[in-house]
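In what follows, a single structure is set out as C-alpha cells and then discussed.
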Amino acid sequence: MMTASPYNSALVIATRITVILAARPQVLRTERSLAAIDLLTTNAGQFGLYPSNLHGDSIFVATEFAARSKNITKGIRYAVTHGLITPVKDDNGIRFTINDTGKSFVNKLANQYLTDYQRALNPVLAYVDSRTDREVIRHIERQGIEPIKEDRT
C-alpha cells in the first residue's frame with residue numbers, strides 16, 4: 001500500500017500528471033487513465049514496458065492501483081487549482097488537458113528523475129494509446145494475480 005513518501009505529495013503527483021499530459025497534448029485523459037499511466041510509468045519494468053522500475057521493485061505493484069487513484073485525485077485537484085491543467089466536460093464525463101501554463105511549467109523542469117520518468121513514459125503511452133482503458137486496467141490487474149499464482153507453484 002502506498003504510504004507518505006516524496007513520490008506521493010500533491011505537488012509531485014500534479015507534476016507527473018502535467019508531464020503525462022504534456023507528452024501528448026492533443027490527447028485528453030480521464031482521471032482513471034492518468035492513474036493507470038502513472039502506475040505503469042513508475043513501475044514500467046514490472047510490466048515489461050521499460051528496463052526498470054522508477055520506484056523500486058515490488059511483486060504487489062498492481063494492488064497499489066486503488067491508492068494511486070486516490071493520490072491522482074489529489075494531484076489533479078492541485079494541478080487544476082494551480083492552473084497547470086484544464087478539465088474538459090464532454091459526453092464521456094470529465095477529461096483533462098494541459099494548458100499553456102502547464103506546458104511552460106514542464107519545459108522549466110530539469111532533473112534526473114524527470115528525465116527517467118519521461119523515458120519510461122514514452123513506451124507506456126505507446127502501449128496505453130493502442131488499447132482501451134479496460135484492456136489497460138485488466139493488464140494491471142493480471143500483474144497483481146501473477147505473483148500470487150507463482151507463489152502457489
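The chains in the C-alpha cells are called A, B, ... from first to last as shown; in each chain the residues are counted from 1, and the ligands are counted from 1 in the order shown.
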
>> Residues near segment 128-137 of chain A, anyone? I mean within 8 Å using only C-alpha atoms, not counting same-chain ones fewer than 3 positions away, as an MDAnalysis selection string.
In response: chainID A and resid 33 36:37 124:125 140:141

Saved selection, atoms kept: C-alpha atoms, as a PDB file, in the first residue's frame:
```pdb
ATOM      1  CA  SER A  33      -6.394   6.786 -17.382  1.00  0.00           C
ATOM      2  CA  ALA A  36      -3.087   3.824 -14.897  1.00  0.00           C
ATOM      3  CA  ILE A  37      -0.443   5.682 -16.905  1.00  0.00           C
ATOM      4  CA  VAL A 124       3.843   3.359 -21.659  1.00  0.00           C
ATOM      5  CA  LEU A 125       1.940   5.880 -23.804  1.00  0.00           C
ATOM      6  CA  ILE A 140      -2.579  -4.087 -14.405  1.00  0.00           C
ATOM      7  CA  GLU A 141      -4.926  -6.456 -12.552  1.00  0.00           C
TER       8      GLU A 141
END
```

>> Please identify the helix (DSSP H, G or I) residues within segment 50-122 of chain A (assignment by DSSP from backbone atoms) and present them as a PyMOL selection string.
In response: chain A and resi 61-81+100-108+112-122

Dump of C-alpha atoms for the selected residues, as a PDB file, in the first residue's frame:
```pdb
ATOM      1  CA  VAL A  61       2.572  -3.282  -7.551  1.00  0.00           C
ATOM      2  CA  ALA A  62      -0.866  -3.831  -9.114  1.00  0.00           C
ATOM      3  CA  THR A  63      -2.505  -3.726  -5.692  1.00  0.00           C
ATOM      4  CA  GLU A  64      -1.376  -0.090  -5.474  1.00  0.00           C
ATOM      5  CA  PHE A  65      -3.863   0.978  -8.145  1.00  0.00           C
ATOM      6  CA  ALA A  66      -6.597   1.982  -5.670  1.00  0.00           C
ATOM      7  CA  ALA A  67      -4.177   4.046  -3.574  1.00  0.00           C
ATOM      8  CA  ARG A  68      -2.666   5.538  -6.728  1.00  0.00           C
ATOM      9  CA  SER A  69      -6.124   6.571  -7.891  1.00  0.00           C
ATOM     10  CA  LYS A  70      -6.722   8.393  -4.607  1.00  0.00           C
ATOM     11  CA  ASN A  71      -3.392  10.212  -4.945  1.00  0.00           C
ATOM     12  CA  ILE A  72      -4.134  11.080  -8.575  1.00  0.00           C
ATOM     13  CA  THR A  73      -7.353  12.751  -7.405  1.00  0.00           C
ATOM     14  CA  LYS A  74      -5.317  14.955  -5.038  1.00  0.00           C
ATOM     15  CA  GLY A  75      -2.755  15.632  -7.773  1.00  0.00           C
ATOM     16  CA  ILE A  76      -5.430  16.606 -10.288  1.00  0.00           C
ATOM     17  CA  ARG A  77      -7.021  18.957  -7.765  1.00  0.00           C
ATOM     18  CA  TYR A  78      -3.610  20.582  -7.176  1.00  0.00           C
ATOM     19  CA  ALA A  79      -2.820  20.833 -10.909  1.00  0.00           C
ATOM     20  CA  VAL A  80      -6.230  22.347 -11.734  1.00  0.00           C
ATOM     21  CA  THR A  81      -6.236  24.842  -8.868  1.00  0.00           C
ATOM     22  CA  ASP A 100      -0.064  26.854 -21.773  1.00  0.00           C
ATOM     23  CA  THR A 101       0.886  27.361 -18.122  1.00  0.00           C
ATOM     24  CA  GLY A 102       1.330  23.614 -17.685  1.00  0.00           C
ATOM     25  CA  LYS A 103       3.447  23.394 -20.841  1.00  0.00           C
ATOM     26  CA  SER A 104       5.642  26.248 -19.615  1.00  0.00           C
ATOM     27  CA  PHE A 105       5.962  24.536 -16.204  1.00  0.00           C
ATOM     28  CA  VAL A 106       7.068  21.228 -17.758  1.00  0.00           C
ATOM     29  CA  ASN A 107       9.553  22.989 -20.036  1.00  0.00           C
ATOM     30  CA  LYS A 108      11.233  24.558 -16.986  1.00  0.00           C
ATOM     31  CA  GLN A 112      17.277  13.123 -13.410  1.00  0.00           C
ATOM     32  CA  TYR A 113      14.014  11.745 -12.060  1.00  0.00           C
ATOM     33  CA  LEU A 114      12.033  13.748 -14.624  1.00  0.00           C
ATOM     34  CA  THR A 115      14.296  12.526 -17.428  1.00  0.00           C
ATOM     35  CA  ASP A 116      13.882   8.919 -16.252  1.00  0.00           C
ATOM     36  CA  TYR A 117      10.110   9.373 -15.907  1.00  0.00           C
ATOM     37  CA  GLN A 118       9.809  10.799 -19.430  1.00  0.00           C
ATOM     38  CA  ARG A 119      11.892   7.942 -20.878  1.00  0.00           C
ATOM     39  CA  ALA A 120       9.690   5.346 -19.186  1.00  0.00           C
ATOM     40  CA  LEU A 121       6.562   7.290 -20.154  1.00  0.00           C
ATOM     41  CA  ASN A 122       7.140   7.025 -23.916  1.00  0.00           C
TER      42      ASN A 122
END
```

Tell me, which residues of segment 55-109 of chain A carry DSSP strand (DSSP E), written as a PDB file with C-alpha atoms, in the first residue's frame?
```pdb
ATOM      1  CA  ILE A  85      -4.155  21.564 -16.445  1.00  0.00           C
ATOM      2  CA  THR A  86      -7.714  22.196 -17.557  1.00  0.00           C
ATOM      3  CA  PRO A  87     -10.747  19.955 -17.008  1.00  0.00           C
ATOM      4  CA  VAL A  88     -12.963  19.483 -20.066  1.00  0.00           C
ATOM      5  CA  LYS A  89     -16.509  18.162 -19.701  1.00  0.00           C
ATOM      6  CA  ASP A  90     -17.915  16.267 -22.649  1.00  0.00           C
ATOM      7  CA  GLY A  93     -17.513  12.859 -18.474  1.00  0.00           C
ATOM      8  CA  ILE A  94     -14.538  14.929 -17.390  1.00  0.00           C
ATOM      9  CA  ARG A  95     -11.181  14.637 -19.083  1.00  0.00           C
ATOM     10  CA  PHE A  96      -8.053  16.690 -18.618  1.00  0.00           C
ATOM     11  CA  THR A  97      -5.737  18.545 -20.950  1.00  0.00           C
ATOM     12  CA  ILE A  98      -2.567  20.519 -20.466  1.00  0.00           C
TER      13      ILE A  98
END
```

> From the list A:Gly83, A:Leu28, A:Asn92, A:Leu40, which residue is nearest Ser52 of chain A when using only C-alpha atoms?
Replying inline: A:Leu40

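Nearest to Thr18 of chain A of all the residues A:Phe47, A:Tyr127, A:Asn53, A:Leu84 is A:Leu84, counting only C-alpha atoms.
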
> Do you have the atom CA of Leu39 of chain A-atom CA of Leu109 of chain A distance handy?
Replying inline: 20.8 Å

> Mind pulling up the distance from atom CA of Asn99 of chain A to atom CA of Ala44 of chain A?
Replying inline: 26.6 Å
